[in-house]
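Shown next, in structure tokens, is the structure this report addresses.
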Number of protein chains: 2
Amino acid sequence: MIEIRKAVESDKPAIWQIIREVIAPGDTYVFDPDASEAEMMEYWFTPDKYNYVALSDGELVGTFWLRANQPGLGSHVGNAAYMVAPAAKGKGVGKTMAEYSLEEAKRIGFASMQFNFVVKTNVVAVKLWQSVGFEIIGEIPNAIRHKTNGLTNAYIMYREL
Amino acid sequence: MIEIRKAVESDKPAIWQIIREVIAPGDTYVFDPDASEAEMMEYWFTPDKYNYVALSDGELVGTFWLRANQPGLGSHVGNAAYMVAPAAKGKGVGKTMAEYSLEEAKRIGFASMQFNFVVKTNVVAVKLWQSVGFEIIGEIPNAIRHKTNGLTNAYIMYREL
């Protein structure tokens, strides 16, 4: 049973452990695999973000945030990022966060969601987003210096809420 | 004759005048047409940006910046934004800034350029970017609450350098 709730200050060390493990292989996120805790936590918790965590049997196994993708006249389009603890893969954490986040984004008032950077070879993520109604609306050539595949494209994905 | 140089502190009041006039109609940029000087100048001059101005007969008629579109493993893709003083339209300021900025982006070390948000009805901008080699690689539905046209799509444009 996976529970989602808002992130609180005391979640931060566990969130950093997830981020650190997720970015280390350099294959799904653009962040420097050697980025520092200070750098990543500042980015993950900028004031424009709504932050959440996923728990499995009381253990923190996932983290995501929602925010507006653009300011002003573009602020009705939401944006989000998600990370699942590598040890908790295959338990449906990603899917649970995905579904919860889309409902939550609608509650916040977003009309649609746009992902700016889904690495094309991250097939699990691409399929997950397609399974909950996202479409590929663009493809950026050579968007990431992927640690194992070299220069790799990224998709831009979108769905109405 | 249009001259391009790096922006300096004393250019800021003239840059704000251009920004203010360009965002007021709410038809080309997502920024709130009523955004304050402090808010816009903070955004235009964040430390990750390389800022430039265009001068015509000594008068400041345009402003643009370059930056990395993503951190870390995506930092080889550049991004930019450009504004031309409405009174200086038709003098080739946009084209001069476009060409200069692509050379400059290459000098800085970017491998390509990506624009995340070119309003589809901003035909002058779309044509300008296509004329210097950009391609439309994506289209965001209902991306901007355009002040005259209502919900309007935006293009994502890209070119190698």
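Labeling convention for the structure tokens: chains A, B, ... as they appear, residues from 1 per chain, ligands from 1 in order of appearance.
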Counting only C-alpha atoms, which residues of chain B fall within 10 Å of chain A, and what is the closest atom pair for each with its distance in Å at one decimal, ordered by chain and rising number, as a tab-separated table?
```
residue	atom	partner	partner_atom	distance
B:Gly26	CA	A:Leu73	CA	7.6
B:Asp27	CA	A:Leu73	CA	9.3
B:Tyr29	CA	A:Leu73	CA	8.0
B:Val30	CA	A:Leu73	CA	4.7
B:Phe31	CA	A:Gly72	CA	4.7
B:Asp32	CA	A:Gly72	CA	4.3
B:Pro33	CA	A:Gly72	CA	8.0
B:Asp34	CA	A:Gly72	CA	9.2
B:Ala35	CA	A:Gly72	CA	8.3
B:Asn69	CA	A:Ala143	CA	9.7
B:Gln70	CA	A:Val30	CA	7.1
B:Pro71	CA	A:Phe31	CA	6.0
B:Gly72	CA	A:Asp32	CA	4.3
B:Leu73	CA	A:Val30	CA	4.7
B:Gly74	CA	A:Ile144	CA	4.8
B:Ser75	CA	A:Ile144	CA	8.2
B:His76	CA	A:Ala143	CA	8.1
B:Val77	CA	A:Ala143	CA	6.9
B:Ala111	CA	A:Asn142	CA	9.4
B:Ser112	CA	A:Asn142	CA	8.9
B:Gln114	CA	A:Ile140	CA	8.2
B:Asn116	CA	A:Asn116	CA	8.6
B:Phe117	CA	A:Gln70	CA	9.3
B:Ile136	CA	A:Gly138	CA	8.8
B:Ile137	CA	A:Gly138	CA	5.5
B:Gly138	CA	A:Gly138	CA	3.8
B:Glu139	CA	A:Ile137	CA	6.0
B:Ile140	CA	A:Ile137	CA	6.8
B:Pro141	CA	A:Tyr158	CA	8.5
B:Asn142	CA	A:Val77	CA	8.6
B:Ala143	CA	A:Gly74	CA	5.9
B:Ile144	CA	A:Gly74	CA	4.8
B:Arg145	CA	A:Leu73	CA	5.1
B:His146	CA	A:Leu73	CA	7.1
B:Lys147	CA	A:Leu73	CA	8.6
B:Leu151	CA	A:Leu73	CA	9.5
B:Tyr155	CA	A:Gly138	CA	9.3
B:Ile156	CA	A:Gly138	CA	7.6
B:Met157	CA	A:Ile140	CA	9.1
B:Tyr158	CA	A:Ile140	CA	7.7
B:Arg159	CA	A:Pro141	CA	9.1
B:Glu160	CA	A:Pro141	CA	9.0
```
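Using only C-alpha atoms, the protein and nucleic acid residues lying no more than 7 Å from range 92-97 of chain A, apart from those fewer than 5 places from it along its own chain, are Ile2, Gly62, Val84 and Leu128 of chain A.
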Go ahead and save the residues from that selection, with N, CA, C and O atoms, as an mmCIF file, in the first residue's frame.
```cif
data_model
loop_
_atom_site.group_PDB
_atom_site.id
_atom_site.type_symbol
_atom_site.label_atom_id
_atom_site.label_comp_id
_atom_site.auth_asym_id
_atom_site.auth_seq_id
_atom_site.Cartn_x
_atom_site.Cartn_y
_atom_site.Cartn_z
ATOM 1 N N ILE A 2 0.726 2.061 -1.026
ATOM 2 C CA ILE A 2 1.549 3.270 -1.131
ATOM 3 C C ILE A 2 0.724 4.493 -0.748
ATOM 4 O O ILE A 2 -0.393 4.680 -1.233
ATOM 5 N N GLY A 62 9.527 7.433 -2.741
ATOM 6 C CA GLY A 62 9.390 8.251 -3.936
ATOM 7 C C GLY A 62 9.204 9.706 -3.586
ATOM 8 O O GLY A 62 8.840 10.048 -2.453
ATOM 9 N N VAL A 84 11.792 7.660 -8.103
ATOM 10 C CA VAL A 84 11.467 6.481 -7.290
ATOM 11 C C VAL A 84 12.784 5.887 -6.784
ATOM 12 O O VAL A 84 13.744 5.768 -7.556
ATOM 13 N N LEU A 128 4.988 4.665 -19.008
ATOM 14 C CA LEU A 128 4.152 5.054 -17.866
ATOM 15 C C LEU A 128 3.324 6.284 -18.232
ATOM 16 O O LEU A 128 2.109 6.309 -18.021
#
```
Long-range neighbours of Trp44 in chain A as an NGL selection string, 10 Å cut-off, only C-alpha atoms, 6 positions minimum in chain = :A and (15-16 or 19 or 38 or 50-51 or 63-65 or 81)
Filtered DSSP result for chain B, state helix (DSSP H, G or I), as a PyMOL selection string | chain B and resi 9-23+37-44+72-74+86-88+93-108+123-131
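Considering the residues A:Leu60, A:Gly78, A:Lys49, A:Gly150 and counting only C-alpha atoms, Val119 in chain A has its shortest atom-to-atom contact with A:Gly150.
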Residue nearest Met83 in chain B - candidates B:Met41, B:Val118, B:Val53, B:Leu102, atoms counted: only C-alpha atoms = B:Val53
Find, counting only C-alpha atoms, the residue in A:Leu66, A:Ser56, A:Glu9, A:Gly90 that gets nearest to Ile108 in chain A.
-> A:Leu66
Work out how far CA of Glu104 in chain B is from CA of Gly58 in chain B, in Å to one decimal.
-> 21.4 Å
How would you write, as a ChimeraX atom specification, the set of residues in range 8-153 of chain B that DSSP gives as strand (DSSP E)?
-> /B:50-56,59-68,77-84,112-119,135-146,150-153
CA of Lys120 in chain A and CA of Leu55 in chain A, how far apart in Å?
-> 27.9 Å
